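Dropping work.txt in here (compact mmCIF, C-alpha atoms and all ligand atoms):
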```
# COMPACT_ATOMS: atom_id res chain seq x y z
CA ALA A 1 153.42 124.09 29.46
CA SER A 2 150.16 123.51 27.76
CA VAL A 3 151.33 120.48 25.95
CA VAL A 4 149.35 117.59 24.66
CA GLU A 5 151.64 114.93 26.06
CA GLU A 6 152.79 112.28 23.70
CA HIS A 7 152.29 109.05 25.54
CA VAL A 8 153.62 106.80 22.89
CA SER A 9 156.11 107.21 20.15
CA GLU A 10 154.45 104.47 18.18
CA MET A 11 153.27 105.90 14.88
CA VAL A 12 150.66 104.24 12.82
CA GLY A 13 151.54 103.18 9.32
CA THR A 14 149.50 104.31 6.37
CA GLU A 15 149.44 100.84 4.92
CA ARG A 16 145.96 99.44 4.56
CA VAL A 17 146.16 96.19 6.46
CA ASP A 18 143.23 95.55 8.69
CA GLU A 19 139.63 94.79 8.33
CA ASP A 20 139.49 93.89 11.96
CA TYR A 21 137.08 95.97 13.94
CA ALA A 22 137.21 97.41 17.42
CA ASP A 23 135.09 95.69 20.03
CA VAL A 24 131.93 97.78 19.66
CA ASP A 25 128.26 96.84 19.61
CA TRP A 26 127.78 98.33 16.14
CA ASP A 27 124.01 97.82 16.20
CA ASN A 28 123.56 99.97 19.27
CA LEU A 29 125.67 103.03 18.66
CA GLY A 30 124.14 106.34 19.58
CA PHE A 31 126.02 109.60 19.91
CA SER A 32 127.96 109.07 23.09
CA LEU A 33 131.71 109.17 23.40
CA VAL A 34 133.48 105.92 22.65
CA ARG A 35 137.20 106.10 23.42
CA THR A 36 139.28 105.33 20.35
CA ASP A 37 143.00 104.55 20.17
CA TYR A 38 144.69 107.75 19.04
CA MET A 39 144.34 111.49 18.77
CA PHE A 40 146.34 113.99 16.75
CA ALA A 41 147.74 117.28 18.04
CA THR A 42 149.93 120.14 16.99
CA ARG A 43 150.77 123.50 18.56
CA SER A 44 151.45 126.91 17.10
CA CYS A 45 154.74 128.68 17.57
CA ARG A 46 155.09 132.42 18.25
CA GLU A 47 154.72 133.40 14.59
CA GLY A 48 151.47 131.51 14.45
CA ASN A 49 152.61 128.62 12.29
CA PHE A 50 151.73 125.14 13.42
CA GLU A 51 154.23 122.36 13.93
CA GLN A 52 153.93 119.16 11.91
CA GLY A 53 151.96 117.48 14.67
CA CYS A 54 151.74 113.86 15.68
CA LEU A 55 149.51 111.12 16.98
CA SER A 56 149.46 110.07 20.59
CA ARG A 57 147.37 107.63 22.58
CA TYR A 58 143.87 109.01 23.17
CA GLY A 59 143.71 110.39 26.69
CA ASN A 60 143.61 113.40 28.96
CA ILE A 61 145.61 116.47 28.06
CA GLU A 62 147.56 118.80 30.30
CA LEU A 63 146.70 122.51 30.35
CA ASN A 64 148.06 125.52 32.18
CA PRO A 65 145.29 126.84 34.49
CA ALA A 66 145.75 130.26 32.82
CA ALA A 67 145.21 128.81 29.30
CA GLY A 68 143.14 131.01 26.99
CA ILE A 69 140.55 128.29 26.50
CA LEU A 70 139.87 127.93 30.23
CA ASN A 71 139.78 131.62 31.09
CA TYR A 72 138.54 133.48 28.05
CA GLY A 73 136.81 130.86 25.93
CA GLN A 74 139.16 130.95 22.97
CA GLY A 75 137.99 127.74 21.39
CA LEU A 76 136.48 126.41 18.16
CA ILE A 77 135.05 123.01 17.33
CA GLU A 78 134.48 121.28 14.03
CA GLY A 79 132.42 118.23 13.21
CA MET A 80 133.09 115.76 10.39
CA LYS A 81 132.37 112.11 9.62
CA ALA A 82 134.40 109.32 8.05
CA TYR A 83 132.39 106.57 6.38
CA ARG A 84 133.43 103.06 5.42
CA ARG A 85 132.38 102.16 1.92
CA GLU A 86 131.14 98.69 0.99
CA ASP A 87 134.55 97.96 -0.56
CA GLY A 88 136.33 98.95 2.67
CA ARG A 89 137.63 102.34 1.54
CA VAL A 90 137.19 105.13 4.06
CA LEU A 91 135.77 108.44 2.89
CA LEU A 92 135.68 111.99 4.23
CA PHE A 93 133.08 114.50 3.08
CA ARG A 94 134.23 117.94 1.89
CA PRO A 95 136.96 118.25 4.55
CA GLU A 96 138.35 121.45 3.04
CA LEU A 97 135.11 123.22 3.98
CA ASN A 98 135.68 122.38 7.65
CA ALA A 99 139.27 123.56 7.39
CA VAL A 100 138.24 126.88 5.86
CA ARG A 101 135.45 127.33 8.39
CA MET A 102 137.91 126.81 11.22
CA LYS A 103 140.19 129.45 9.69
CA LYS A 104 137.32 131.95 9.50
CA GLY A 105 136.33 131.16 13.07
CA ALA A 106 139.92 131.63 14.18
CA GLU A 107 139.96 135.11 12.65
CA ARG A 108 136.80 136.03 14.54
CA MET A 109 138.18 134.65 17.80
CA CYS A 110 141.67 136.16 17.42
CA MET A 111 143.37 132.79 17.13
CA HIS A 112 146.07 131.36 14.92
CA SER A 113 144.91 128.40 12.86
CA PRO A 114 146.49 125.50 10.98
CA SER A 115 146.60 125.68 7.18
CA VAL A 116 143.89 123.90 5.23
CA GLN A 117 146.44 121.24 4.34
CA GLN A 118 147.55 120.77 7.96
CA PHE A 119 143.93 120.51 9.07
CA ILE A 120 143.13 117.82 6.51
CA GLU A 121 146.37 115.97 7.25
CA GLY A 122 145.59 115.91 10.98
CA VAL A 123 142.10 114.58 10.29
CA LYS A 124 143.38 111.92 7.90
CA GLN A 125 146.01 110.73 10.35
CA THR A 126 143.38 110.49 13.07
CA VAL A 127 141.12 108.39 10.86
CA LEU A 128 143.93 106.12 9.68
CA ALA A 129 145.15 105.53 13.22
CA ASN A 130 141.60 104.74 14.36
CA ARG A 131 140.54 102.81 11.29
CA ARG A 132 139.20 99.88 13.30
CA TRP A 133 136.72 102.30 14.92
CA VAL A 134 135.14 103.32 11.59
CA PRO A 135 131.82 101.42 11.72
CA PRO A 136 130.97 98.77 9.13
CA PRO A 137 128.98 100.09 6.13
CA GLY A 138 125.44 101.02 7.14
CA LYS A 139 126.22 101.08 10.86
CA GLY A 140 127.22 104.72 11.26
CA SER A 141 130.41 106.68 10.94
CA LEU A 142 133.51 107.79 12.79
CA TYR A 143 132.60 111.28 14.02
CA LEU A 144 135.65 113.52 14.07
CA ARG A 145 136.01 116.47 16.34
CA PRO A 146 138.79 118.85 15.35
CA LEU A 147 139.42 121.41 18.11
CA LEU A 148 141.38 124.64 18.08
CA PHE A 149 142.01 126.25 21.44
CA GLY A 150 144.13 128.78 23.24
CA SER A 151 146.64 126.70 25.15
CA GLY A 152 149.04 129.54 25.99
CA ALA A 153 148.71 131.17 29.40
CA SER A 154 147.72 134.78 30.06
CA LEU A 155 146.22 136.43 33.11
CA GLY A 156 144.91 139.67 31.67
CA LEU A 157 142.32 139.57 28.91
CA SER A 158 144.33 138.95 25.79
CA ALA A 159 144.66 136.39 23.04
CA ALA A 160 146.59 133.27 23.97
CA SER A 161 150.23 133.16 22.93
CA GLU A 162 149.94 129.57 21.77
CA PHE A 163 147.17 127.52 20.17
CA THR A 164 146.64 123.79 20.00
CA PHE A 165 144.92 121.99 17.13
CA LEU A 166 143.69 118.58 18.25
CA VAL A 167 141.60 115.94 16.49
CA PHE A 168 139.85 113.02 18.11
CA GLY A 169 137.07 110.72 16.96
CA SER A 170 134.29 108.51 18.19
CA PRO A 171 132.12 106.00 16.31
CA VAL A 172 128.52 107.24 16.16
CA GLN A 173 125.14 106.47 14.68
CA ASN A 174 122.02 108.56 15.36
CA TYR A 175 122.44 111.88 17.15
CA PHE A 176 119.00 112.02 18.73
CA LYS A 177 117.69 109.45 21.16
CA GLU A 178 114.63 109.36 18.90
CA GLY A 179 116.84 107.52 16.38
CA THR A 180 115.48 108.26 12.93
CA ALA A 181 111.98 109.06 14.24
CA ALA A 182 110.71 112.57 13.58
CA LEU A 183 111.72 115.30 16.01
CA ASN A 184 109.37 117.53 17.93
CA LEU A 185 110.86 120.96 18.35
CA TYR A 186 110.08 123.71 20.78
CA VAL A 187 110.41 127.36 19.73
CA GLU A 188 112.26 129.34 22.40
CA GLU A 189 110.99 132.92 22.49
CA VAL A 190 113.10 134.47 25.21
CA ILE A 191 116.68 133.28 24.93
CA PRO A 192 118.34 133.60 21.52
CA ARG A 193 121.18 131.34 20.40
CA ALA A 194 123.18 134.17 18.84
CA TYR A 195 123.05 137.91 18.43
CA PRO A 196 124.16 140.35 15.70
CA GLY A 197 127.90 140.90 15.83
CA GLY A 198 128.38 137.89 18.09
CA SER A 199 129.97 134.54 17.29
CA GLY A 200 126.89 132.66 16.03
CA GLY A 201 128.22 132.45 12.49
CA VAL A 202 131.38 130.58 13.50
CA LYS A 203 131.79 127.32 15.38
CA SER A 204 132.94 128.92 18.59
CA ILE A 205 132.44 126.89 21.76
CA SER A 206 130.75 130.00 23.15
CA ASN A 207 127.67 129.24 21.02
CA TYR A 208 126.94 125.98 22.76
CA GLY A 209 127.22 126.38 26.54
CA PRO A 210 124.51 129.07 26.72
CA VAL A 211 121.83 126.87 25.12
CA LEU A 212 122.28 123.91 27.43
CA GLU A 213 119.83 125.08 30.09
CA VAL A 214 117.20 125.94 27.46
CA MET A 215 117.63 122.49 25.94
CA ARG A 216 117.47 120.78 29.32
CA LYS A 217 114.13 122.42 30.11
CA ALA A 218 112.68 121.61 26.67
CA LYS A 219 113.81 117.99 26.90
CA ALA A 220 112.28 117.70 30.37
CA ARG A 221 108.98 118.68 28.73
CA GLY A 222 109.36 115.94 26.14
CA PHE A 223 110.72 117.96 23.22
CA SER A 224 113.60 116.68 21.11
CA ASP A 225 115.36 120.02 20.73
CA VAL A 226 114.93 123.79 20.57
CA LEU A 227 114.47 126.16 17.64
CA TYR A 228 115.76 129.68 18.38
CA LEU A 229 114.51 133.02 17.11
CA ASP A 230 116.56 136.05 16.08
CA ALA A 231 117.73 138.17 19.01
CA GLU A 232 116.56 141.52 17.64
CA THR A 233 112.91 141.00 16.68
CA LYS A 234 112.19 137.50 18.07
CA LYS A 235 110.04 137.04 14.97
CA ASN A 236 112.27 134.99 12.67
CA ILE A 237 113.59 131.46 13.00
CA GLU A 238 117.33 131.00 13.05
CA GLU A 239 118.73 127.63 14.02
CA VAL A 240 118.25 124.55 16.20
CA SER A 241 120.78 123.95 19.03
CA ALA A 242 123.14 121.88 16.91
CA SER A 243 121.67 122.05 13.39
CA ASN A 244 120.24 124.26 10.65
CA ILE A 245 116.57 124.20 9.68
CA PHE A 246 114.72 123.92 6.37
CA LEU A 247 111.06 124.23 5.32
CA VAL A 248 109.56 122.56 2.28
CA LYS A 249 106.77 124.48 0.56
CA GLY A 250 105.74 122.81 -2.70
CA ASN A 251 108.69 122.98 -5.05
CA THR A 252 110.41 125.57 -2.90
CA ILE A 253 112.87 124.89 -0.11
CA VAL A 254 113.38 127.68 2.39
CA THR A 255 116.09 128.15 4.97
CA PRO A 256 117.24 131.14 7.04
CA ALA A 257 120.03 133.04 5.30
CA THR A 258 123.43 132.99 6.99
CA ASN A 259 123.71 136.56 8.17
CA GLY A 260 126.32 136.25 10.90
CA THR A 261 124.06 134.70 13.53
CA ILE A 262 123.52 131.40 11.73
CA LEU A 263 126.19 128.78 11.25
CA GLY A 264 127.04 128.04 7.62
CA GLY A 265 126.61 124.29 7.97
CA ILE A 266 128.38 122.04 5.48
CA THR A 267 125.38 119.72 5.41
CA ARG A 268 123.20 122.82 4.93
CA LYS A 269 125.31 123.95 1.96
CA SER A 270 125.39 120.46 0.43
CA VAL A 271 121.63 119.97 0.78
CA ILE A 272 121.05 123.32 -0.93
CA GLU A 273 123.31 122.31 -3.81
CA ILE A 274 121.61 118.90 -4.17
CA ALA A 275 118.16 120.53 -4.06
CA ILE A 276 119.07 123.02 -6.80
CA ASP A 277 120.43 120.18 -8.97
CA LEU A 278 117.12 118.35 -8.52
CA GLY A 279 115.22 121.38 -9.76
CA TYR A 280 113.91 122.78 -6.49
CA LYS A 281 113.84 126.51 -5.94
CA VAL A 282 115.92 127.30 -2.87
CA GLU A 283 115.32 130.49 -0.91
CA GLU A 284 117.88 131.61 1.66
CA ARG A 285 116.20 134.51 3.41
CA VAL A 286 114.56 135.81 6.56
CA VAL A 287 112.00 133.20 7.64
CA PRO A 288 109.23 134.47 9.95
CA VAL A 289 108.26 131.91 12.57
CA GLU A 290 104.64 132.19 11.36
CA GLU A 291 105.72 130.62 8.08
CA LEU A 292 106.20 127.27 9.82
CA LYS A 293 102.42 126.87 9.67
CA ASP A 294 102.52 126.79 5.84
CA ALA A 295 105.33 124.27 5.51
CA GLU A 296 104.53 120.76 4.30
CA GLU A 297 107.79 119.30 5.56
CA VAL A 298 110.42 120.58 7.95
CA PHE A 299 113.86 119.11 8.48
CA CYS A 300 117.12 119.84 10.26
CA THR A 301 120.60 119.44 8.84
CA GLY A 302 123.96 119.08 10.53
CA THR A 303 127.00 116.86 10.46
CA ALA A 304 126.07 115.23 13.75
CA THR A 305 122.32 115.19 13.09
CA GLY A 306 122.38 114.42 9.34
CA VAL A 307 119.11 115.23 7.57
CA ALA A 308 116.54 114.77 10.33
CA SER A 309 112.76 114.97 9.81
CA VAL A 310 110.78 117.26 12.04
CA GLY A 311 107.33 115.95 12.93
CA SER A 312 106.02 118.89 14.91
CA ILE A 313 106.96 122.34 16.13
CA THR A 314 105.41 123.96 19.19
CA PHE A 315 105.26 127.74 19.20
CA GLN A 316 103.32 129.63 21.89
CA ASN A 317 101.81 126.34 23.00
CA THR A 318 100.41 125.65 19.53
CA ARG A 319 101.66 122.51 17.87
CA THR A 320 102.05 122.36 14.09
CA GLU A 321 102.42 118.90 12.57
CA TYR A 322 104.37 118.08 9.41
CA LYS A 323 104.28 115.32 6.87
CA VAL A 324 106.84 112.82 7.89
CA GLY A 325 105.80 109.35 6.76
CA ASP A 326 105.51 110.66 3.22
CA GLY A 327 107.98 113.51 3.67
CA LEU A 328 109.27 112.76 0.22
CA VAL A 329 111.48 115.80 -0.22
CA THR A 330 113.26 115.28 3.10
CA GLN A 331 113.78 111.61 2.31
CA GLN A 332 115.01 112.32 -1.19
CA LEU A 333 117.55 114.93 -0.09
CA GLY A 334 118.69 112.86 2.88
CA SER A 335 119.21 109.68 0.91
CA ILE A 336 121.15 111.40 -1.88
CA LEU A 337 123.41 113.10 0.65
CA VAL A 338 124.11 109.86 2.56
CA GLY A 339 124.58 108.02 -0.74
CA ILE A 340 127.33 110.42 -1.77
CA GLN A 341 128.91 110.39 1.69
CA THR A 342 129.01 106.61 1.86
CA GLY A 343 130.06 106.08 -1.75
CA SER A 344 126.88 104.33 -2.94
CA ILE A 345 126.01 107.26 -5.23
CA GLN A 346 128.58 108.42 -7.73
CA ASP A 347 130.38 111.51 -6.49
CA ILE A 348 130.19 113.66 -9.61
CA LYS A 349 130.84 116.81 -7.60
CA ASN A 350 134.14 115.62 -6.13
CA TRP A 351 132.90 116.10 -2.60
CA VAL A 352 134.33 112.91 -1.24
CA VAL A 353 137.97 112.42 -0.27
CA GLU A 354 139.33 108.92 0.12
CA ILE A 355 141.75 108.38 2.93
C1 LIG B 1 128.14 118.89 14.32
O1 LIG B 1 127.07 118.74 13.76
O2 LIG B 1 129.14 118.29 13.92
C2 LIG B 1 128.29 119.75 15.47
O3 LIG B 1 129.38 120.19 15.72
C3 LIG B 1 127.17 120.03 16.37
C4 LIG B 1 127.52 119.63 17.76
C5 LIG B 1 127.07 120.67 18.71
C6 LIG B 1 127.02 118.28 18.11
```
For this file, write the structure as structure tokens.
Amino acid sequence: ASVVEEHVSEMVGTERVDEDYADVDWDNLGFSLVRTDYMFATRSCREGNFEQGCLSRYGNIELNPAAGILNYGQGLIEGMKAYRREDGRVLLFRPELNAVRMKKGAERMCMHSPSVQQFIEGVKQTVLANRRWVPPPGKGSLYLRPLLFGSGASLGLSAASEFTFLVFGSPVQNYFKEGTAALNLYVEEVIPRAYPGGSGGVKSISNYGPVLEVMRKAKARGFSDVLYLDAETKKNIEEVSASNIFLVKGNTIVTPATNGTILGGITRKSVIEIAIDLGYKVEERVVPVEELKDAEEVFCTGTATGVASVGSITFQNTRTEYKVGDGLVTQQLGSILVGIQTGSIQDIKNWVVEI
């Protein structure tokens, strides 16, 4: 059976006891996997409802070789972060949006999904059980990776008969090896990330494998990451491998509209809402690649990447540079977002959930 084995029966209390930290070099965290103590898992039954779920020791899982995830790619990922506030409280950022996004993705991928409440509960239990892995304030966050995958076996092409919802975490700091330095992006003209009618608008695992070779080549040439164009016309910018993209043009902030090929990022949505509150005009629309030349600032957004400045973009071997040192709009939006996420700015929008 495709069971996530429970290695221990030990459950972790919800009492807030510790301020002791795991043995981690908090000043040198990047974005590589650090094994934490526990993971959470639950499986669906025939009717599609998910069991209550439980924590087990973090470790390998057992899968049937005919599992839907292994054979037919029925899998979704989510990305979230838990931050430790100065006063020790641990905060999640808009977790219901991740839960709803996973539900939408599950519909697209013909999967059963946990309820919003079950999703959030699984995430909270994972954070509580791994509390000592939540970095000290200012040193990063506990990145959470909720997964939903076909764990039931089938030989012919069909939806899995059983799904597993699993959450694990890893303490992280900066996503890019560049740290907080500006990124230099390469515009890929041949291979698109997504195509109309495909799965680009949901967080299917099938969106990520196909960009790896493109990324590898770009990184070998010294670029930080790749910006993809739309599949149909190859004229409009869509998304970076693991983040959304924004252009700043005077008082206007422009980002490609989510039209089914672009992931509706939660950081993207939050940055748009913050920008509107600050009085910027935000345009979500088709963005021709040529328009990059007129942008004063460019930045990427994502849960893993945060708000990351772009210093240059290379398109058809022509490099366009952007204001970074004084990229005031990027800095302003990024610092407000992080302030809310980490509890240093008052959360008037009720975005933050304390664990
Ligand atoms: C995230 O930003 O959380 C993501 O899931 C992107 C991932 C490919 C690193």
- Item | From A:Gly306, A:Pro210, A:Gly334, A:Gly68, residue lying nearest A:Gly152 [all atoms listed in the file] |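 Closest candidate: A:Gly68.
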- Item | Selected residue of minimal separation from A:Asn184 among A:Gly311, A:Gly302, A:Gly105, A:Pro114, counting all atoms listed in the file | A:Gly311
- Item | d(atom CA of A:Thr180, atom CA of A:Ala308) in Å |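 Between atom CA of A:Thr180 and atom CA of A:Ala308 the gap is 7.1 Å.
Closest approach to A:Asp37 among A:Phe50, A:Met80, A:Val127, A:Gly73 is made by A:Val127 (distances from all atoms listed in the file).
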- Query: Neighbours of A:Gly343 within 9 Å (all atoms listed in the file; same-chain residues fewer than 4 positions away dropped), as a list of chain:residue names?
  - Reply: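 Selected residues are A:Tyr83, A:Arg84, A:Arg85, A:Glu86, A:Leu91, A:Val338, A:Gly339, A:Asp347, A:Val352.
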- Task: Could the residues that lie within 12 Å of ligand LIG 1 (chain B), counting all atoms listed in the file, be listed as a ChimeraX atom specification?
- Result: /A:31-33,76-82,98,101-102,142-147,169-170,172,174-176,202-212,225,239-244,263-268,300-308
- atom CA of A:Lys104 to atom CA of A:Gly201, straight-line distance in Å: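 Between atom CA of A:Gly201 and atom CA of A:Lys104 the gap is 9.6 Å.
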- Item | All residues 12 Å or closer to stretch 276-279 of chain A, all atoms listed in the file, same chain fewer than 6 positions away omitted, as a ChimeraX atom specification | /A:250-254,269-270,329,332-333,336,348-349
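Our summary of the geometry notes that atom CA of A:Cys54 is positioned 19.8 Å from atom CA of A:Leu92.
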- Message: Nearest residue to A:Lys219 out of A:Asn71, A:Glu47, A:Ala257, A:Tyr186, using all atoms listed in the file?
- Response: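 Of the candidates, the smallest distance to A:Lys219 is held by A:Tyr186.
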- Item | Nearest to A:Val167, chosen from A:Lys124, A:Arg216, A:Arg46, A:Lys281, with all atoms listed in the file counted in the distances |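 Checking each candidate against A:Val167, we get A:Lys124 as the closest.
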- Message: When you count all atoms listed in the file, which of these residues is closest to A:Glu107: A:Gly53, A:Gly75, A:Gly122, A:Pro192?
- Response: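 With all atoms listed in the file as the atom set, the closest residue is A:Gly75.
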- Message: Would you pick out the contacts of stretch 318-323 of chain A at 8 Å or less, using all atoms listed in the file, so that residues sharing its chain but fewer than 5 positions from it are not included, and give the list as a ChimeraX atom specification?
- Response: /A:292-293,295-298,310-313
- Distance query 12 Å from (146.8, 112.2, 14.5) using only C-alpha atoms, result as JSON, numbers by chain: {"A": [4, 6, 9, 10, 11, 12, 13, 14, 36, 37, 38, 39, 40, 41, 42, 52, 53, 54, 55, 56, 57, 58, 118, 119, 120, 121, 122, 123, 124, 125, 126, 127, 128, 129, 130, 131, 144, 145, 146, 165, 166, 167, 168, 169]}
- Item | Contacts of A:Glu96 within 8 Å, only C-alpha atoms, excl. fewer than 3 positions in-chain, as a list in words | Ala99, Val100, Val116 and Ile120 of chain A
Keeping only C-alpha atoms, write the selected residues as a PDB file, keeping the file's coordinate frame.
```pdb
ATOM      1  CA  ALA A  99     139.270 123.560   7.390  1.00  0.00           C
ATOM      2  CA  VAL A 100     138.240 126.880   5.860  1.00  0.00           C
ATOM      3  CA  VAL A 116     143.890 123.900   5.230  1.00  0.00           C
ATOM      4  CA  ILE A 120     143.130 117.820   6.510  1.00  0.00           C
TER       5      ILE A 120
END
```
- Task: Dig up all the protein and nucleic acid residues within 8 Å of (143.3, 136.5, 35.5) in the file frame, using all atoms listed in the file, and format them as a ChimeraX atom specification.
- Result: /A:66,71,154-157
Mind dumping the selected residues with C-alpha atoms as a tab-separated table (two decimals), in the frame of the given file?
```tsv
chain	number	residue	atom	x	y	z
A	66	ALA	CA	145.75	130.26	32.82
A	71	ASN	CA	139.78	131.62	31.09
A	154	SER	CA	147.72	134.78	30.06
A	155	LEU	CA	146.22	136.43	33.11
A	156	GLY	CA	144.91	139.67	31.67
A	157	LEU	CA	142.32	139.57	28.91
```
- Query: Hey, what's within 8 Å of A:Lys235 if we count only C-alpha atoms and toss same-chain stuff fewer than 5 positions away? As a ChimeraX atom specification, please?
  - Reply: /A:229-230,288-289
